[in-house]
Amino acid sequence: MDAFSEDRTVAIATGLGARVVHRKWPGFADQKQFAIDQAGGEWVLLVDADEEVTEALATEIEVVLAGAPSESGFRVQRKNQFLGAWIDHGPWANDFQIRLFRKEKGRIARRPVHEGVQIDGELGTLRSPLNHYTHQTLSESIRRMNVYTTLEAEERVSRRKIRVFDVIFPPAGVFVRYYLSGCWRAGMRGFLLAATTAMYKSILYLKILLLQRDRDAQRSA
């Protein structure tokens with residue numbers, strides 16, 4: 001699935017024998033669900049642009065599917081990078097995502113970000129990792145934070161009322177939880193990971209707060 005990219009993605013994919021479908025970008029969930037709908041096989045392996053299927057994972061998938069599994073889908077553990085280094089401690093070291101599933105049993109959750117896959121049936125877990133080359137630079141992390149918090153805030157504006165203290169105290173708790181649960185072992189990268197995760201929560205709540213205030217002002221006008 002290609003949203004009219006301007007790099008060599010299409011040339012590389014077609015050169016390796018892939019069928020490329022072009023479609024304008026409608027959002028994460030809609031694009032992924034459309035891609036799943038185009039799949040012609042019984043099983044779907046969902047991989048993002050910044051992820052890499054390791055040789056071990058590819059082999060394990062072949063073996064598992066050859067055994068005619070009864071499960072409807074499988075979780076895969078992502079091995080995550082942050083600022084160019086693998087994060088082997090803290091919450092990111094325990095990142096399992098549903099990526100392999102029967103086409104007829106899986107669907108994308110209709111959320112603007114962090115959409116994920118919903119499965120109807122039993123789940124298994126694969127042992128081999130999926131490499132995730134995310135947040136390669138701090139500027140990329142901040143750019144992504146701004147985009148994602150805007151999308152998520154627009155989705156959550158009609159949920160619970162956000163107060164000023166939500167912008168401060170829950171993010172502080174996120175930092176403490178991330179840092180003490182193992183990020184401290186990664187030195188400065190671990191500190192920055194905990195800090196940017198807390199910043200995400202703070203900026204998200206601030207954007208929701210401002211949207212709710214604008215909505216309330218319009219209603220009272």
# chains A, B, ... in the order shown; residues from 1 in each chain; ligands from 1
>>> select_by_dssp(residues="segment 15-186 of chain A", states="helix (DSSP H, G or I)", output="NGL selection string")
:A and (15 or 28-38 or 55-66 or 91-94 or 103-105 or 138-156 or 164-167 or 169-180 or 183-186)
>>> write_last_selection(atoms="C-alpha atoms", output="CSV table (one decimal), in the first residue's frame")
chain,number,residue,atom,x,y,z
A,15,GLY,CA,11.5,-4.9,-8.1
A,28,PHE,CA,-3.8,5.5,9.6
A,29,ALA,CA,-6.8,3.3,10.4
A,30,ASP,CA,-8.6,3.7,7.0
A,31,GLN,CA,-5.4,3.1,5.0
A,32,LYS,CA,-4.4,0.0,7.0
A,33,GLN,CA,-7.9,-1.5,6.7
A,34,PHE,CA,-8.0,-0.8,3.0
A,35,ALA,CA,-4.6,-2.6,2.6
A,36,ILE,CA,-5.9,-5.6,4.5
A,37,ASP,CA,-9.0,-5.7,2.3
A,38,GLN,CA,-6.7,-5.9,-0.8
A,55,GLU,CA,15.0,-13.6,9.3
A,56,ALA,CA,14.2,-15.4,12.5
A,57,LEU,CA,10.6,-14.0,12.5
A,58,ALA,CA,10.1,-14.9,8.8
A,59,THR,CA,11.2,-18.4,9.4
A,60,GLU,CA,9.0,-18.8,12.5
A,61,ILE,CA,6.0,-17.5,10.6
A,62,GLU,CA,6.6,-20.0,7.8
A,63,VAL,CA,6.9,-22.9,10.3
A,64,VAL,CA,3.8,-21.8,12.3
A,65,LEU,CA,1.6,-21.4,9.3
A,66,ALA,CA,2.8,-24.7,7.8
A,91,PRO,CA,8.0,-0.5,29.0
A,92,TRP,CA,9.4,-0.5,25.5
A,93,ALA,CA,11.1,-3.8,26.1
A,94,ASN,CA,7.7,-5.4,26.6
A,103,LYS,CA,-7.8,-11.9,7.2
A,104,GLU,CA,-11.4,-12.8,8.0
A,105,LYS,CA,-10.7,-12.6,11.8
A,138,LEU,CA,14.9,13.9,18.8
A,139,SER,CA,13.5,16.2,16.2
A,140,GLU,CA,11.6,13.3,14.6
A,141,SER,CA,10.3,12.3,18.0
A,142,ILE,CA,9.0,15.9,18.6
A,143,ARG,CA,7.5,16.1,15.1
A,144,ARG,CA,5.6,12.9,15.6
A,145,MET,CA,4.5,13.9,19.0
A,146,ASN,CA,2.9,17.0,17.6
A,147,VAL,CA,1.1,15.2,14.9
A,148,TYR,CA,-0.1,12.3,17.0
A,149,THR,CA,-1.3,14.5,20.0
A,150,THR,CA,-3.3,16.6,17.6
A,151,LEU,CA,-5.1,13.6,16.1
A,152,GLU,CA,-5.6,12.0,19.5
A,153,ALA,CA,-6.9,15.2,21.1
A,154,GLU,CA,-9.5,15.6,18.4
A,155,GLU,CA,-10.7,12.1,19.1
A,156,ARG,CA,-10.8,12.5,22.9
A,164,VAL,CA,-5.3,22.1,34.5
A,165,PHE,CA,-3.8,19.6,36.9
A,166,ASP,CA,-4.1,16.8,34.3
A,167,VAL,CA,-1.5,18.6,32.2
A,169,PHE,CA,0.5,15.5,37.5
A,170,PRO,CA,-0.4,12.5,35.3
A,171,PRO,CA,2.6,13.2,32.9
A,172,ALA,CA,4.9,13.4,36.0
A,173,GLY,CA,3.6,10.0,37.0
A,174,VAL,CA,4.3,8.7,33.5
A,175,PHE,CA,7.9,9.9,33.7
A,176,VAL,CA,8.5,8.2,37.1
A,177,ARG,CA,6.9,5.0,36.0
A,178,TYR,CA,9.0,4.8,32.8
A,179,TYR,CA,12.2,5.8,34.4
A,180,LEU,CA,12.0,3.6,37.5
A,183,CYS,CA,14.6,3.3,31.5
A,184,TRP,CA,17.3,4.4,34.0
A,185,ARG,CA,19.4,1.5,32.8
A,186,ALA,CA,19.7,3.1,29.3
>>> residues_around(residues="Gln77 of chain A", least_positions_apart="5", cutoff="7 Å", atoms="only C-alpha atoms", output="PDB file with N, CA and C atoms, in the first residue's frame")
ATOM      1  N   ASP A  95       6.933  -4.801  24.439  1.00  0.00           N
ATOM      2  CA  ASP A  95       5.999  -4.251  23.449  1.00  0.00           C
ATOM      3  C   ASP A  95       5.526  -5.360  22.517  1.00  0.00           C
ATOM      4  N   PHE A  96       4.340  -5.867  22.758  1.00  0.00           N
ATOM      5  CA  PHE A  96       3.767  -6.918  21.925  1.00  0.00           C
ATOM      6  C   PHE A  96       2.609  -6.353  21.105  1.00  0.00           C
ATOM      7  N   GLN A  97       2.641  -6.604  19.804  1.00  0.00           N
ATOM      8  CA  GLN A  97       1.625  -6.104  18.891  1.00  0.00           C
ATOM      9  C   GLN A  97       1.055  -7.261  18.070  1.00  0.00           C
ATOM     10  N   PRO A 129      11.631 -11.544  17.118  1.00  0.00           N
ATOM     11  CA  PRO A 129      11.289 -10.121  17.179  1.00  0.00           C
ATOM     12  C   PRO A 129      11.023  -9.489  15.818  1.00  0.00           C
ATOM     13  N   LEU A 130      10.286  -8.394  15.873  1.00  0.00           N
ATOM     14  CA  LEU A 130      10.069  -7.491  14.740  1.00  0.00           C
ATOM     15  C   LEU A 130      10.834  -6.212  15.058  1.00  0.00           C
TER      16      LEU A 130
END
>>> closest_residue(among="A:Lys201, A:Leu100, A:Asp88, A:Ala18", to="Val44 of chain A", atoms="only C-alpha atoms")
A:Leu100
>>> closest_residue(among="A:Leu126, A:Ala198, A:Ala39, A:Val157", to="Asp216 of chain A", atoms="only C-alpha atoms")
A:Val157
>>> residues_around(residues="Ala3 of chain A", least_positions_apart="2", cutoff="6 Å", atoms="only C-alpha atoms", output="JSON, numbers by chain")
{"A": [5, 22, 23, 24, 25]}
>>> closest_residue(among="A:Asp7, A:Glu42, A:Glu115, A:Glu71", to="Gly27 of chain A", atoms="only C-alpha atoms")
A:Glu115
>>> residues_around(residues="Glu122 of chain A", least_positions_apart="2", cutoff="8 Å", atoms="only C-alpha atoms", output="list in words")
Ser70, Glu71, Ser72, Gly73, Ile119, Asp120 and Gly124 of chain A
>>> write_last_selection(atoms="N, CA and C atoms", output="mmCIF file, in the first residue's frame")
data_model
loop_
_atom_site.group_PDB
_atom_site.id
_atom_site.type_symbol
_atom_site.label_atom_id
_atom_site.label_comp_id
_atom_site.auth_asym_id
_atom_site.auth_seq_id
_atom_site.Cartn_x
_atom_site.Cartn_y
_atom_site.Cartn_z
ATOM 1 N N SER A 70 -4.518 -23.225 14.959
ATOM 2 C CA SER A 70 -5.932 -22.988 15.267
ATOM 3 C C SER A 70 -6.195 -21.543 15.664
ATOM 4 N N GLU A 71 -5.149 -20.791 16.008
ATOM 5 C CA GLU A 71 -5.308 -19.406 16.445
ATOM 6 C C GLU A 71 -5.788 -18.517 15.294
ATOM 7 N N SER A 72 -6.470 -17.439 15.690
ATOM 8 C CA SER A 72 -6.921 -16.451 14.704
ATOM 9 C C SER A 72 -5.855 -15.395 14.435
ATOM 10 N N GLY A 73 -4.912 -15.253 15.361
ATOM 11 C CA GLY A 73 -3.867 -14.258 15.185
ATOM 12 C C GLY A 73 -2.729 -14.499 16.148
ATOM 13 N N ILE A 119 -8.953 -8.697 17.050
ATOM 14 C CA ILE A 119 -9.046 -10.072 16.576
ATOM 15 C C ILE A 119 -10.281 -10.758 17.158
ATOM 16 N N ASP A 120 -10.975 -11.476 16.315
ATOM 17 C CA ASP A 120 -12.104 -12.303 16.739
ATOM 18 C C ASP A 120 -11.608 -13.744 16.833
ATOM 19 N N GLY A 124 -2.166 -16.273 19.732
ATOM 20 C CA GLY A 124 -0.919 -16.895 20.135
ATOM 21 C C GLY A 124 0.179 -15.846 20.169
#
>>> atom_distance(atom1="atom CA of Lys79 of chain A", atom2="atom CA of Leu123 of chain A")
19.9 Å
>>> closest_residue(among="A:Gly90, A:Arg110, A:Ile203, A:Ile98", to="Arg189 of chain A", atoms="only C-alpha atoms")
A:Gly90
>>> select_by_dssp(residues="segment 13-173 of chain A", states="strand (DSSP E or B)", output="number ranges by chain")
A: 22, 43-45, 51-53, 73-82, 85-86, 96-102, 106-108, 117-119, 123-125, 130-132
>>> closest_residue(among="A:Pro69, A:Gly106, A:Gly190, A:Pro112", to="Thr125 of chain A", atoms="only C-alpha atoms")
A:Pro69
